[in-house]
Structures are given as C-alpha cells and as structure tokens.
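For reference, protein.cif is printed below; it contains mmCIF, C-alpha atoms.
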data_upload
loop_
_atom_site.label_atom_id
_atom_site.label_comp_id
_atom_site.auth_asym_id
_atom_site.auth_seq_id
_atom_site.Cartn_x
_atom_site.Cartn_y
_atom_site.Cartn_z
CA GLY A 51 16.55 0.93 19.57
CA ILE A 52 16.81 0.30 15.82
CA SER A 53 20.27 1.16 14.52
CA GLY A 54 19.92 -0.05 10.93
CA VAL A 55 17.47 -1.47 8.41
CA SER A 56 18.10 -3.19 5.09
CA GLY A 57 16.05 -5.36 2.79
CA ARG A 58 14.13 -5.70 -0.44
CA MET A 59 10.51 -5.49 -1.59
CA VAL A 60 9.04 -7.17 -4.66
CA TYR A 61 5.61 -5.99 -5.78
CA GLU A 62 3.56 -7.36 -8.69
CA PHE A 63 0.31 -5.71 -9.77
CA ASN A 64 -1.80 -7.27 -12.52
CA GLY A 65 -5.34 -7.42 -13.91
CA SER A 66 -7.95 -5.04 -15.27
CA ALA A 67 -11.06 -3.13 -14.26
CA CYS A 68 -13.34 -5.84 -15.65
CA ASP A 69 -11.52 -8.90 -14.32
CA GLY A 70 -10.27 -7.41 -11.08
CA TYR A 71 -6.76 -6.73 -9.78
CA THR A 72 -4.26 -9.08 -8.18
CA VAL A 73 -1.32 -8.09 -6.01
CA SER A 74 1.57 -10.31 -4.97
CA PHE A 75 3.92 -8.65 -2.53
CA ARG A 76 6.90 -9.74 -0.48
CA SER A 77 9.10 -7.73 1.83
CA VAL A 78 12.16 -9.20 3.55
CA THR A 79 13.75 -6.78 5.99
CA GLN A 80 16.54 -7.10 8.55
CA PHE A 81 16.27 -4.84 11.58
CA GLN A 82 19.52 -4.26 13.47
CA THR A 83 19.68 -3.16 17.12
CA ALA A 84 22.56 -2.85 19.55
CA GLU A 85 21.74 -6.33 20.94
CA ASN A 86 20.77 -8.43 17.90
CA ALA A 87 19.35 -8.64 14.39
CA ARG A 88 15.84 -9.73 13.44
CA LEU A 89 14.63 -10.83 10.01
CA ILE A 90 11.03 -9.93 9.13
CA ASP A 91 9.49 -11.60 6.07
CA GLN A 92 6.01 -10.44 5.04
CA GLN A 93 4.13 -12.12 2.17
CA VAL A 94 0.85 -10.75 0.85
CA ALA A 95 -1.54 -11.96 -1.89
CA THR A 96 -4.75 -10.07 -2.66
CA TYR A 97 -7.54 -9.96 -5.24
CA GLU A 98 -9.79 -6.96 -5.67
CA ASN A 99 -12.84 -6.67 -7.91
CA PRO A 100 -14.32 -3.15 -7.82
CA GLU A 101 -17.41 -4.20 -9.81
CA GLN A 102 -18.26 -6.78 -7.14
CA ASP A 103 -17.10 -4.64 -4.19
CA LEU A 104 -14.93 -7.62 -3.28
CA PHE A 105 -11.47 -7.86 -1.69
CA THR A 106 -9.75 -11.09 -0.65
CA PHE A 107 -6.43 -11.20 1.18
CA VAL A 108 -3.84 -13.53 2.67
CA THR A 109 -0.98 -12.15 4.74
CA LYS A 110 1.79 -14.27 6.24
CA SER A 111 4.40 -12.79 8.56
CA TYR A 112 7.60 -14.63 9.46
CA VAL A 113 10.11 -13.67 12.15
CA ASP A 114 13.55 -15.23 11.76
CA GLU A 115 12.06 -17.73 9.26
CA GLN A 116 9.35 -18.90 11.69
CA LEU A 117 5.69 -18.23 10.89
CA ASP A 118 4.53 -15.58 13.36
CA LYS A 119 1.08 -14.68 12.04
CA GLU A 120 -1.30 -15.52 9.20
CA VAL A 121 -4.38 -13.49 8.35
CA LYS A 122 -6.83 -14.63 5.68
CA GLY A 123 -10.25 -13.35 4.77
CA THR A 124 -12.74 -11.81 2.37
CA ALA A 125 -14.16 -8.30 2.58
CA HIS A 126 -17.25 -6.85 0.90
CA ALA A 127 -18.32 -3.24 0.66
CA VAL A 128 -21.91 -3.15 1.92
CA SER A 129 -24.45 -0.37 2.30
CA ASP A 130 -23.31 0.69 5.77
CA GLY A 131 -19.58 -0.05 5.60
CA VAL A 132 -17.26 -3.03 5.13
CA LYS A 133 -18.08 -6.62 6.10
CA VAL A 134 -15.04 -8.82 6.72
CA ASP A 135 -15.31 -12.61 6.91
CA LEU A 136 -12.13 -13.93 8.52
CA GLU A 137 -10.78 -17.48 8.15
CA LYS A 138 -7.46 -17.00 9.94
CA PRO A 139 -6.18 -16.61 12.61
CA ASP A 140 -9.75 -17.24 13.83
CA GLU A 141 -13.05 -17.56 12.01
CA GLY A 142 -15.45 -14.70 12.49
CA THR A 143 -17.13 -11.67 10.97
CA VAL A 144 -16.17 -8.05 11.55
CA ARG A 145 -18.27 -5.01 10.65
CA LEU A 146 -16.35 -1.83 9.91
CA THR A 147 -17.04 1.73 8.81
CA PRO A 148 -17.06 2.56 5.06
CA ALA A 149 -13.65 2.42 3.35
CA LEU A 150 -11.96 2.03 0.00
CA PHE A 151 -9.99 -1.07 -0.90
CA PRO A 152 -6.34 -0.57 -2.00
CA ALA A 153 -6.80 -0.40 -5.80
CA GLU A 154 -9.83 1.85 -5.35
CA HIS A 155 -7.77 4.03 -3.03
CA MET A 156 -5.05 4.44 -5.68
CA ILE A 157 -7.53 5.04 -8.52
CA ASP A 158 -9.21 7.72 -6.41
CA LEU A 159 -5.82 9.33 -5.70
CA LEU A 160 -4.93 9.38 -9.43
CA GLU A 161 -8.27 10.94 -10.37
CA ARG A 162 -7.85 13.66 -7.77
CA ALA A 163 -4.26 14.34 -8.88
CA ARG A 164 -5.37 14.67 -12.52
CA ASN A 165 -8.13 17.07 -11.41
CA GLY A 166 -5.62 19.30 -9.61
CA GLU A 167 -6.58 18.48 -6.00
CA HIS A 168 -3.80 18.89 -3.46
CA PHE A 169 -5.23 17.78 -0.09
CA TYR A 170 -8.01 15.43 1.00
CA GLU A 171 -8.91 12.81 3.59
CA THR A 172 -10.33 9.34 3.02
CA THR A 173 -10.30 5.82 4.47
CA ILE A 174 -8.81 2.47 3.45
CA PHE A 175 -9.17 -1.20 4.36
CA ASP A 176 -6.22 -3.30 3.18
CA GLY A 177 -6.40 -6.45 5.32
CA THR A 178 -3.15 -5.72 7.18
CA GLU A 179 -2.45 -6.30 10.88
CA GLY A 180 -5.50 -8.16 12.21
CA ALA A 181 -7.78 -7.12 9.32
CA ASP A 182 -10.10 -5.69 11.95
CA LYS A 183 -9.88 -1.94 11.38
CA VAL A 184 -10.22 0.84 8.87
CA LEU A 185 -7.42 3.40 8.57
CA THR A 186 -7.94 7.09 7.90
CA THR A 187 -5.54 8.58 5.37
CA THR A 188 -4.69 12.22 4.79
CA VAL A 189 -3.21 12.75 1.35
CA ILE A 190 -1.08 15.65 0.09
CA ILE A 191 -0.47 15.86 -3.68
CA GLY A 192 2.25 18.16 -4.97
CA ALA A 193 2.36 19.91 -8.32
CA ARG A 194 2.94 17.78 -11.41
CA LYS A 195 6.69 17.68 -12.16
CA GLU A 196 8.89 16.57 -15.02
CA SER A 197 11.41 13.82 -14.34
CA SER A 198 14.95 15.17 -14.08
CA ALA A 199 18.18 13.81 -15.57
CA GLY A 200 19.70 13.63 -12.09
CA ASP A 201 17.02 11.28 -10.71
CA GLU A 202 18.86 8.39 -9.01
CA GLU A 203 16.21 5.92 -10.20
CA THR A 204 16.45 6.90 -13.88
CA THR A 205 18.30 3.75 -14.95
CA ALA A 206 15.92 1.34 -13.21
CA ALA A 207 12.84 3.33 -14.24
CA ALA A 208 13.89 3.63 -17.88
CA ALA A 209 10.30 3.29 -19.13
CA LEU A 210 9.31 6.19 -16.85
CA SER A 211 12.43 8.31 -17.13
CA ASP A 212 10.71 10.91 -19.32
CA LYS A 213 7.29 10.70 -17.66
CA PRO A 214 6.01 13.41 -15.30
CA TYR A 215 4.95 12.57 -11.75
CA TRP A 216 3.32 13.97 -8.62
CA ALA A 217 5.11 14.05 -5.27
CA VAL A 218 2.61 12.44 -2.86
CA SER A 219 2.58 12.14 0.93
CA ILE A 220 0.07 9.91 2.76
CA ALA A 221 -0.32 9.75 6.55
CA TYR A 222 -2.14 6.74 8.05
CA PHE A 223 -4.15 7.10 11.27
CA ASP A 224 -5.97 4.65 13.55
CA ASP A 225 -8.31 7.44 14.60
CA PRO A 226 -11.37 7.65 12.29
CA GLN A 227 -11.40 11.43 12.79
CA PRO A 228 -7.82 12.53 13.53
CA ASP A 229 -7.37 16.09 14.75
CA THR A 230 -4.54 18.38 13.75
CA ASP A 231 -2.39 17.18 16.68
CA ALA A 232 -2.88 13.45 16.08
CA THR A 233 0.23 11.36 15.38
CA PRO A 234 -0.02 9.01 12.39
CA ILE A 235 0.97 5.34 12.61
CA TYR A 236 3.30 6.13 9.76
CA ARG A 237 3.70 8.54 6.87
CA ILE A 238 4.90 7.61 3.39
CA GLY A 239 6.11 9.85 0.59
CA PHE A 240 6.65 8.77 -3.01
CA LYS A 241 6.66 9.81 -6.66
CA LEU A 242 3.45 8.79 -8.42
CA HIS A 243 3.24 8.48 -12.20
CA ASP A 244 0.02 8.75 -14.20
CA SER A 245 0.21 4.99 -14.85
CA GLY A 246 -0.22 4.36 -11.11
CA ILE A 247 3.40 3.25 -10.66
CA ALA A 248 4.92 4.68 -7.49
CA ARG A 249 8.63 4.87 -6.65
CA ASP A 250 11.24 6.64 -4.51
CA PHE A 251 9.63 5.76 -1.18
CA ASP A 252 10.40 7.48 2.11
CA THR A 253 8.52 5.92 5.03
CA ASP A 254 8.53 7.66 8.42
CA TYR A 255 7.52 5.56 11.45
CA GLY A 256 8.27 8.33 13.96
CA ASP A 257 11.26 6.67 15.66
CA PHE A 258 12.98 5.79 12.38
CA ARG A 259 12.66 6.23 8.62
CA ILE A 260 13.22 3.84 5.71
CA LYS A 261 14.23 4.87 2.23
CA GLY A 262 13.10 2.65 -0.67
CA ARG A 263 14.80 2.99 -4.05
CA LEU A 264 13.61 1.37 -7.29
CA VAL A 265 16.22 -1.06 -8.64
CA ASP A 266 14.21 -2.95 -11.26
CA LEU A 267 10.97 -2.35 -13.18
CA GLU A 268 9.16 -4.73 -15.54
CA LEU A 269 6.02 -3.51 -17.28
CA LEU A 270 3.50 -6.32 -17.75
CA ALA A 271 1.10 -6.64 -20.66
CA MET A 272 -2.30 -5.18 -19.82
CA PRO A 273 -5.16 -7.68 -20.25
CA GLU A 274 -7.99 -6.53 -22.50
CA CYS A 275 -11.50 -6.44 -21.12
CA ARG A 276 -13.74 -8.95 -22.87
#
Rendering of file as structure tokens:
Amino acid sequence: GISGVSGRMVYEFNGSACDGYTVSFRSVTQFQTAENARLIDQQVATYENPEQDLFTFVTKSYVDEQLDKEVKGTAHAVSDGVKVDLEKPDEGTVRLTPALFPAEHMIDLLERARNGEHFYETTIFDGTEGADKVLTTTVIIGARKESSAGDEETTAAAALSDKPYWAVSIAYFDDPQPDTDATPIYRIGFKLHDSGIARDFDTDYGDFRIKGRLVDLELLAMPECR
C-alpha cells in the first residue's frame, strides 16, 4: 500500500586494512500510504577488522521518533562459520554458516570486477534485522564503463566524474542455496568505482522500488598503516 517514499541517507566509511574499518550510517525515510505517513529512522555503527576476523555492530531503529528495536553484538569468523555474541535485544550466542563481513564482501566484489568476472554467488553477515542469519548474495557485474557527461550525479560526484565504473546488481536471499525461481528479499543496482565508492542506487523490494541519487560526496584522508 506504499504510495510514496522520500528521505536521505548519510554514509561514512573510514579506516584502513591494518587498523580496521568503521562505518557510520543513518537513513531517515518517510513512507506514505493512502491512510497515513510513517517515519523510519535507522542508525548503524560498525567496526570491522579483517586481520582479526572481527565485526562489531550496533543498529537502532526508530519508528515515528520512538525506539522500535536495538541490536548490538560482536561476530567472529571461526573455522566452521560465524559466531555471533549478542548483547541486545537479548544476550546469547548464535552459530551461523560461513560468511563474509561487509567490507570483506565489497573488497571481494572489487577484486572480481578487476579480474573480469561477471557473475558469482557468495554470502554475507552484516548484523541487520536480528543479527541471527547469513544472507546469500548473487552478484552481476557489468562491463567497465566510462562516466558520461550526461550523468545526473556528475556535479555531486565531481571527484569521480571522470572515473570509470562497473554497473553492479546484487540480489539478497534468505535461502542459503536459492534456486533459479527463488525470490530475493531485495535487489540493489548501483555504479561501483574502483575506489569502492558506490552511487546511483536503485533498490527493488518487489512491491516497490526506491531510487537513491548522490547529492554530496566528501573524500576523507586515508590513514597510513603503521
């Protein structure tokens, strides 16, 4: 019954391979239906250290400015999968099948794109929802393209305006082994630059789609590994 969606996302990625990566993310979105409007505010903070196979996460979700859900925990990649120690909403430990953490997932995607791969399947654990499951992702990587003068994001992406990119589509599945007829939870398409910066998002949830356009880009100084 969604008739309209509007909002803004702010995403900050920082760190290095030796010190680990931090992500601070906030998405405030208003969903409009025939009956009413609902404001969804999601706030995420994560730290990922590939050398330590470590991923910590805190996710807070607000509905109409009231806290609806908070998930907090620490995940480790272990020999037989992923071990998740949860603090919120309830303390406990969850054992999951092997998966990549988000930065690892993106680094793997970039390496495959540079090597000319166009289709593959992998898994990801990102601490979303209840932080109690691994998602399967099927990834399609298009041919490397040059940025065009008519790109609507050229002004905002000035630092990337002359940089080539790959058109990427990722479908996310609950099923650890989705068949060809399986329906993804959602599918997201975007332009991916060699730097790892992604833009021009088109997210398809099945019943509705959301378009995300880059309006501002600030490149942060890259820390040097000691």
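Pairwise distance (atom CA of Tyr97 of chain A, atom CA of Thr72 of chain A) equals 4.5 Å.
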Using only C-alpha atoms, which residues sit within 7 Å of Asp250 of chain A once same-chain residues fewer than 6 positions away are excluded, as a PyMOL selection string?
chain A and resi 240-241+262-264
Enumerate, as a tab-separated table (two decimals) with C-alpha atoms, keeping the file's coordinate frame, the residues matched when the PyMOL selection byres ((chain A and resi 171-175) around 12) is run on the file above.
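Output file selection21.tsv is given in full below:
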chain	number	residue	atom	x	y	z
A	98	GLU	CA	-9.79	-6.96	-5.67
A	104	LEU	CA	-14.93	-7.62	-3.28
A	105	PHE	CA	-11.47	-7.86	-1.69
A	106	THR	CA	-9.75	-11.09	-0.65
A	107	PHE	CA	-6.43	-11.20	1.18
A	124	THR	CA	-12.74	-11.81	2.37
A	125	ALA	CA	-14.16	-8.30	2.58
A	126	HIS	CA	-17.25	-6.85	0.90
A	127	ALA	CA	-18.32	-3.24	0.66
A	131	GLY	CA	-19.58	-0.05	5.60
A	132	VAL	CA	-17.26	-3.03	5.13
A	133	LYS	CA	-18.08	-6.62	6.10
A	134	VAL	CA	-15.04	-8.82	6.72
A	145	ARG	CA	-18.27	-5.01	10.65
A	146	LEU	CA	-16.35	-1.83	9.91
A	147	THR	CA	-17.04	1.73	8.81
A	148	PRO	CA	-17.06	2.56	5.06
A	149	ALA	CA	-13.65	2.42	3.35
A	150	LEU	CA	-11.96	2.03	0.00
A	151	PHE	CA	-9.99	-1.07	-0.90
A	152	PRO	CA	-6.34	-0.57	-2.00
A	153	ALA	CA	-6.80	-0.40	-5.80
A	154	GLU	CA	-9.83	1.85	-5.35
A	155	HIS	CA	-7.77	4.03	-3.03
A	156	MET	CA	-5.05	4.44	-5.68
A	158	ASP	CA	-9.21	7.72	-6.41
A	159	LEU	CA	-5.82	9.33	-5.70
A	162	ARG	CA	-7.85	13.66	-7.77
A	167	GLU	CA	-6.58	18.48	-6.00
A	168	HIS	CA	-3.80	18.89	-3.46
A	169	PHE	CA	-5.23	17.78	-0.09
A	170	TYR	CA	-8.01	15.43	1.00
A	176	ASP	CA	-6.22	-3.30	3.18
A	177	GLY	CA	-6.40	-6.45	5.32
A	178	THR	CA	-3.15	-5.72	7.18
A	179	GLU	CA	-2.45	-6.30	10.88
A	180	GLY	CA	-5.50	-8.16	12.21
A	181	ALA	CA	-7.78	-7.12	9.32
A	182	ASP	CA	-10.10	-5.69	11.95
A	183	LYS	CA	-9.88	-1.94	11.38
A	184	VAL	CA	-10.22	0.84	8.87
A	185	LEU	CA	-7.42	3.40	8.57
A	186	THR	CA	-7.94	7.09	7.90
A	187	THR	CA	-5.54	8.58	5.37
A	188	THR	CA	-4.69	12.22	4.79
A	189	VAL	CA	-3.21	12.75	1.35
A	190	ILE	CA	-1.08	15.65	0.09
A	191	ILE	CA	-0.47	15.86	-3.68
A	219	SER	CA	2.58	12.14	0.93
A	220	ILE	CA	0.07	9.91	2.76
A	221	ALA	CA	-0.32	9.75	6.55
A	222	TYR	CA	-2.14	6.74	8.05
A	223	PHE	CA	-4.15	7.10	11.27
A	224	ASP	CA	-5.97	4.65	13.55
A	225	ASP	CA	-8.31	7.44	14.60
A	226	PRO	CA	-11.37	7.65	12.29
A	227	GLN	CA	-11.40	11.43	12.79
A	228	PRO	CA	-7.82	12.53	13.53
A	229	ASP	CA	-7.37	16.09	14.75
Identify which of the residues A:Asp266, A:Val113, A:Ile235, A:Glu101 lies closest to Thr253 of chain A, counting all atoms listed in the file when measuring atom-to-atom distances.
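Of the candidates, the smallest distance to Thr253 of chain A is held by A:Ile235.
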Run through the PyMOL selection byres ((chain A and resi 58-60) around 7) on the given coordinates and return the selected residues as a PDB file with C-alpha atoms, in the coordinates of the input.
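Ended up saving to result.pdb:
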ATOM      1  CA  GLY A  57      16.050  -5.360   2.790  1.00  0.00           C
ATOM      2  CA  TYR A  61       5.610  -5.990  -5.780  1.00  0.00           C
ATOM      3  CA  GLU A  62       3.560  -7.360  -8.690  1.00  0.00           C
ATOM      4  CA  PHE A  75       3.920  -8.650  -2.530  1.00  0.00           C
ATOM      5  CA  ARG A  76       6.900  -9.740  -0.480  1.00  0.00           C
ATOM      6  CA  SER A  77       9.100  -7.730   1.830  1.00  0.00           C
ATOM      7  CA  VAL A  78      12.160  -9.200   3.550  1.00  0.00           C
ATOM      8  CA  THR A  79      13.750  -6.780   5.990  1.00  0.00           C
TER       9      THR A  79
END
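Take atom CA of Leu160 of chain A and atom CA of Asp130 of chain A: the distance between them is 25.4 Å.
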May I ask which of the residues A:Arg249, A:His243, A:Lys119, A:Arg237 is the closest one to Trp216 of chain A, counting only C-alpha atoms?
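Looking at the shortest contact to Trp216 of chain A, the residue is A:His243.
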Tell me which of A:Arg259, A:Lys138, A:Arg194, A:Lys122 sits closest to Ile238 of chain A, counting all atoms listed in the file.
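Nearest to Ile238 of chain A: A:Arg259.
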Quick one: distance from atom CA of Glu141 of chain A to atom CA of Glu120 of chain A in Å, one decimal?
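Atom-to-atom, atom CA of Glu141 of chain A to atom CA of Glu120 of chain A, that is 12.3 Å.
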